[in-house]
Structures are given as C-alpha cells and as structure tokens.
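J.: Quick one: the structure is below, questions incoming.
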Amino acid sequence: MYIVEKSLKLSENVYEIWVNAPHVTRNAKAGQFVIIRTDDKGERIPLTISKISGDLVRIIFMAVGKTTHALAEIPAGGFISDIAGPLGCPSKIKKYGTCVLVGGGVGIASTPVIAQALKDAGNRVVGILGARNADLLILEEEMAEICDRLLIATDDGSKGHHGFAADLLKQVIDDENVDAVWIIGPTIMMKVTSNVTREKAIRTFVSLNPIMVDGTGMCGSCRCIVSGKTRFACVDGPEFDAHEVDFDNLMQRQRYYIEHEKEALAQWKEHQCTCGRNQ
C-alpha cells in the first residue's frame with residue numbers, strides 16, 4: 001500500500017495527489033509515467049509524472065471514469081494499492097537552444113517537469129498554456145517561475161489570448177527561431193497544434209495517451225501508428241515525433257471502450273450511493 005500524502009482539487013474535475021513512492025522518485029525522469037491501481041480489484045491506469053519532491057511523486061489527473069473518480073475521493077492520509085514505475089522512455093532532453101512547451105487542458109500537468117529539465121540543460125524555454133477558460137488553467141504560477149516566457153490562451157478569452165494555443169505557437173515561431181517543441185494535451189489539440197511546426201520542419205514531440213493496461217509492452221493495447229509502423233506507446237514512447245504520428249488512428253482507438261467506460265462509471269456511482277444509504 002502507498003500513502004497519499006496530499007490530495008487537492010485544482011479545478012473542475014482536475015485533481016492533484018502526492019504519493020509516497022521512493023522507488024519511483026529515485027529513478028524518474030521527465031516525460032515518464034506510472035501505472036496506478038486504487039485497490040486490489042481495481043483496473044490499472046497510466047498517469048504522467050508531473051513533479052518529484054523527495055520521496056513524493058505528484059500526479060495530476062481529470063476525473064472522467066470509474067478509477068479516476070475513485071482516485072479523486074482518496075483523502076490525504078489514505079492509500080492506493082499499487083504504483084508501478086517509472087515507465088516509458090524519458091523525454092529527449094539536451095541543449096537545443098530555444099524550446100517551446102505547449103500544454104492543453106490537463107496535459108499541462110506534464111509540462112513543469114519537462115520545462116525544468118530543459119532549463120537545467122541550458123535551454124531558453126517558452127511556455128504556452130491553453131484551456132477552455134481561466135478557471136480551468138492549472139500550474140500557471142509554477143510554469144511562470146520556470147519559463148523564460150509564458151503565454152496563456154483560453155477558448156473564451158477569459159484570460160490571455162482569446163483563441164487556441166496553436167495561435168500563440170504560430171506567433172512565437174514567426175517572431176523567433178525555435179529549435180524544438182513539445183505539445184501535450186487532448187489528441188485533437190496535439191494534431192492541430194503540431195501542424196503549425198510542420199511547414200518549418202521544427203522538431204516537435206507529442207506525448208501520446210492511448211488505452212494502456214500493463215505498461216510494459218506485453219498487452220499491445222497502447223499500439224499506435226508512427227511513420228506507418230506499429231509502435232507501443234508504453235515502451236517506445238510515450239513521446240514520439242509529432243509529424244510522424246497517425247492521429248486519426250489514435251483517436252479511433254481511444255473511442256473503442258467509451259460505452260463500457262460509461263457503464264462502469266454508472267455502476268460505480270450506484271454502488272457508492274447504495275453504500276451511503278446503508279450506512
């Protein structure tokens with residue numbers, strides 16, 4: 001069992017937990033992830049490592065399905081059954097020059113640890129954070145402390161640029177020389193935003209989030225198509241060259257179990273209500 005030292009709600013349906021997991025923190029690098037089970041009968045879910053502090057690993061997630069809703073209800077001082085990791089290949093950190101990190105929605109969770117690693121490697125770092133509205137923005141202050149420049153975009157114009165993160169990325173690459181870009185967020189956002197760098201052939205990385213079970217390359221659930229070949233996001237990624245990813249195939253695979261996920265969440269909520277009535 002692993003203790004949840006801190007548990008916070010950051011915005012609507014977005015939560016932050018800090019888990020005491022020394023075996024993860026001793027080896028974790030930017031861009032990697034962990035596999036979590038809330039209890040011994042729970043499913044395994046992959047979640048990105050957002051930050052390391054001593055023996056604590058920070059994980060930020062959106063409560064959308066049964067397991068993430070259950071995880072959000074675990075209070076500080078509570079426990080989870082398992083946390084395996086670090087898993088996946090680390091981000092390709094080196095001295096590029098000027099690097100841009102684009103985070104969208106809950107994908108912003110992955111940006112601080114990568115931004116810090118790039119800064120430590122001697123890069124100039126520009127951060128771009130995008131969300132539907134100002135209330136859904138997360139980690140703005142933390143990214144502002146790390147980045148040399150931070151830009152904000154909201155779909156409704158409630159903060160920063162009225163529009164999308166892709167608009168700001170285009171402005172940045174028009175204004176200055178950019179050597180590498182990271183884009184992390186919803187799949188459609190990564191697809192659209194990576195097209196901004198395609199014409200200028202700027203090296204661009206995306207972190208993929210396909211369905212994943214074991215996280216070690218054995219189940220094949222996380223297969224994706226990169227450069228026309230099948231790759232496993234858990235062991236070959238999760239980061240890939242954005243200009244080589246088949247995003248349409250990825251989005252199709254992500255929709256496979258939507259109805260099953262809705263049913264599982266409904267049953268879990270009904271169980272919670274039944275337990276509450278019986279107490």
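A note on labels: chains of the structure tokens are A, B, ... as shown, every chain counts residues from 1, and ligands are counted from 1 in their shown order.
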As a list in words, please: all residues of segment 2-59 of chain A that backbone DSSP puts in alpha helix (DSSP H).
T.: Pro22, His23, Val24 and Thr25 of chain A
J.: Would you mind listing what lies within 9 Å of segment 26-37 of chain A as an MDAnalysis selection string, with only C-alpha atoms counted and same-chain residues fewer than 5 positions away left out?
T.: chainID A and resid 21 42:52 54:55 59 67 71 80:93 110:117 207 213:215 234 237:239
J.: Could you pull out the strand (DSSP E or B) residues of segment 86-120 of chain A from DSSP and send them as a list in words?
T.: Pro86, Leu87, Thr98, Cys99, Val100, Leu101, Val102, Gly103 and Gly104 of chain A
J.: One decimal, in Å: what's the spacing between atom CA of Thr204 of chain A and atom CA of Gly157 of chain A?
T.: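 Separation between atom CA of Thr204 of chain A and atom CA of Gly157 of chain A: 26.6 Å.
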J.: Taking into account only C-alpha atoms, which residue in the set A:Met212, A:Leu150, A:Ala180, A:Val206 is nearest to Gly107 of chain A?
T.: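 Counting only C-alpha atoms, the residue closest to Gly107 of chain A is A:Val206.
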J.: What lies within 7 Å of segment 184-192 of chain A using only C-alpha atoms, ignoring chain neighbours under 4 positions off, as a list in words?
T.: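 Listing them by chain and then by number gives Val102, Gly103, Gly104, Gly105, Val106, Gly107, Ile108, Val206, Ser207, Phe247 and Met251 of chain A.
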J.: Tell me which of A:Ser7, A:Gln171, A:Thr216, A:Thr197 sits closest to Pro75 of chain A, counting only C-alpha atoms.
T.: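 Going through A:Ser7, A:Gln171, A:Thr216, A:Thr197 one by one, the smallest distance to Pro75 of chain A is for A:Ser7.
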J.: In terms of the shortest atom-to-atom distance over only C-alpha atoms, which of A:Ile202, A:Val24, A:Met143, A:Cys99 is closest to Val57 of chain A?
T.: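 Closest candidate: A:Val24.
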J.: Within 10 Å of segment 130-135 of chain A, which residues of segment 144-183 of chain A show up? Give each one with its shortest atom-to-atom distance in Å (one decimal) and the two atoms involved, counting only C-alpha atoms, rows by chain then rising residue number, as a tab-separated table.
T.:
residue	atom	partner	partner_atom	distance
A:Leu151	CA	A:Gly130	CA	8.7
A:Ile152	CA	A:Gly130	CA	6.0
A:Ala153	CA	A:Gly130	CA	4.7
A:Thr154	CA	A:Ala131	CA	5.0
A:Asp155	CA	A:Arg132	CA	4.7
A:Asp156	CA	A:Asn133	CA	5.8
A:Gly157	CA	A:Asn133	CA	7.1
A:Ser158	CA	A:Ala134	CA	5.6
A:Lys159	CA	A:Ala134	CA	5.5
A:Gly160	CA	A:Ala134	CA	8.6
A:His161	CA	A:Gly130	CA	9.1
A:His162	CA	A:Asn133	CA	9.6
A:Gly163	CA	A:Gly130	CA	8.7
A:Phe164	CA	A:Gly130	CA	6.5
A:Ala165	CA	A:Gly130	CA	5.2
A:Ala166	CA	A:Gly130	CA	8.9
A:Leu168	CA	A:Gly130	CA	9.5
J.: Which residues are near Lys229 of chain A? Cut-off 10 Å, only C-alpha atoms, ignore same chain within fewer than 3 positions. Put them as a VMD selection string.
T.: chain A and resid 223 to 226 244 to 246
J.: Show which residues sit within 6 Å of Asn123 of chain A, as a list in words. Count only C-alpha atoms, and ignore same-chain residues fewer than 6 positions away.
T.: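 Counting only the stated atoms, we get Lys95, Gly97 and Thr98 of chain A.
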J.: Residues near Val172 of chain A, anyone? I mean within 10 Å using only C-alpha atoms, not counting same-chain ones fewer than 3 positions away, as a list in words.
T.: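 The residues satisfying every condition are Val100, Val126, Ile128, Leu151, Ala166, Asp167, Leu168, Leu169, Asp175, Glu176, Asn177 and Val178 of chain A.
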J.: For the residues in the current selection, export N, CA, C and O atoms as a short mmCIF file (atom, residue, chain, number, x, y, z; two decimals), in the first residue's frame.
T.:
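What landed in out-v8.cif:
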data_model
loop_
_atom_site.label_atom_id
_atom_site.label_comp_id
_atom_site.auth_asym_id
_atom_site.auth_seq_id
_atom_site.Cartn_x
_atom_site.Cartn_y
_atom_site.Cartn_z
N VAL A 100 9.93 25.34 -26.95
CA VAL A 100 8.57 25.75 -26.61
C VAL A 100 7.80 24.55 -26.08
O VAL A 100 7.81 23.48 -26.69
N VAL A 126 10.11 28.63 -23.56
CA VAL A 126 8.87 29.39 -23.72
C VAL A 126 7.70 28.44 -23.43
O VAL A 126 7.62 27.37 -24.02
N ILE A 128 3.54 27.74 -23.26
CA ILE A 128 2.22 28.14 -23.75
C ILE A 128 1.20 27.22 -23.10
O ILE A 128 1.26 26.01 -23.26
N LEU A 151 3.01 32.25 -22.05
CA LEU A 151 1.85 32.78 -22.75
C LEU A 151 0.62 31.94 -22.42
O LEU A 151 0.71 30.73 -22.25
N ALA A 166 -2.47 26.90 -30.35
CA ALA A 166 -1.85 26.84 -31.68
C ALA A 166 -1.61 28.24 -32.25
O ALA A 166 -0.61 28.47 -32.94
N ASP A 167 -2.52 29.17 -31.95
CA ASP A 167 -2.36 30.56 -32.42
C ASP A 167 -1.09 31.17 -31.83
O ASP A 167 -0.32 31.83 -32.54
N LEU A 168 -0.88 30.96 -30.53
CA LEU A 168 0.29 31.52 -29.87
C LEU A 168 1.57 30.85 -30.34
O LEU A 168 2.60 31.51 -30.48
N LEU A 169 1.51 29.55 -30.59
CA LEU A 169 2.70 28.86 -31.09
C LEU A 169 3.11 29.43 -32.45
O LEU A 169 4.30 29.64 -32.72
N ASP A 175 8.05 34.93 -34.72
CA ASP A 175 8.82 36.02 -34.11
C ASP A 175 10.27 35.65 -33.81
O ASP A 175 11.13 36.54 -33.77
N GLU A 176 10.55 34.37 -33.60
CA GLU A 176 11.90 33.99 -33.22
C GLU A 176 12.24 32.59 -33.70
O GLU A 176 11.36 31.83 -34.10
N ASN A 177 13.52 32.27 -33.65
CA ASN A 177 13.96 30.94 -34.04
C ASN A 177 13.66 29.94 -32.93
O ASN A 177 14.10 30.12 -31.79
N VAL A 178 12.94 28.91 -33.25
CA VAL A 178 12.58 27.87 -32.29
C VAL A 178 13.23 26.56 -32.74
O VAL A 178 13.14 26.18 -33.90
#
J.: Tell me which protein, DNA and RNA residues are within 8 Å of Ile211 of chain A, counting only C-alpha atoms, leaving out same-chain ones fewer than 2 positions away, and put them as a ChimeraX atom specification.
T.: /A:209,213,221-222,253-254
J.: Deliver the residues from the most recent selection as a file, using N, CA, C and O atoms, as a JSON list (two decimals), in the first residue's frame.
T.:
[["chain", "number", "residue", "atom", "x", "y", "z"],
["A", 209, "ASN", "N", -1.47, 9.31, -25.48],
["A", 209, "ASN", "CA", -2.24, 8.75, -24.36],
["A", 209, "ASN", "C", -3.26, 7.71, -24.84],
["A", 209, "ASN", "O", -4.46, 7.86, -24.62],
["A", 213, "VAL", "N", -2.79, -0.95, -20.59],
["A", 213, "VAL", "CA", -3.11, -1.87, -19.50],
["A", 213, "VAL", "C", -1.88, -2.15, -18.63],
["A", 213, "VAL", "O", -1.82, -1.74, -17.48],
["A", 221, "SER", "N", -2.24, -3.11, -25.97],
["A", 221, "SER", "CA", -3.38, -2.19, -26.00],
["A", 221, "SER", "C", -3.01, -0.79, -26.47],
["A", 221, "SER", "O", -3.83, -0.09, -27.07],
["A", 222, "CYS", "N", -1.79, -0.39, -26.19],
["A", 222, "CYS", "CA", -1.41, 1.00, -26.47],
["A", 222, "CYS", "C", -0.76, 1.18, -27.84],
["A", 222, "CYS", "O", -0.08, 2.17, -28.07],
["A", 253, "ARG", "N", -8.94, 4.57, -31.93],
["A", 253, "ARG", "CA", -8.69, 3.55, -30.91],
["A", 253, "ARG", "C", -9.12, 4.04, -29.53],
["A", 253, "ARG", "O", -9.59, 3.25, -28.70],
["A", 254, "GLN", "N", -8.98, 5.33, -29.26],
["A", 254, "GLN", "CA", -9.39, 5.86, -27.95],
["A", 254, "GLN", "C", -10.89, 5.78, -27.72],
["A", 254, "GLN", "O", -11.35, 5.82, -26.58]]
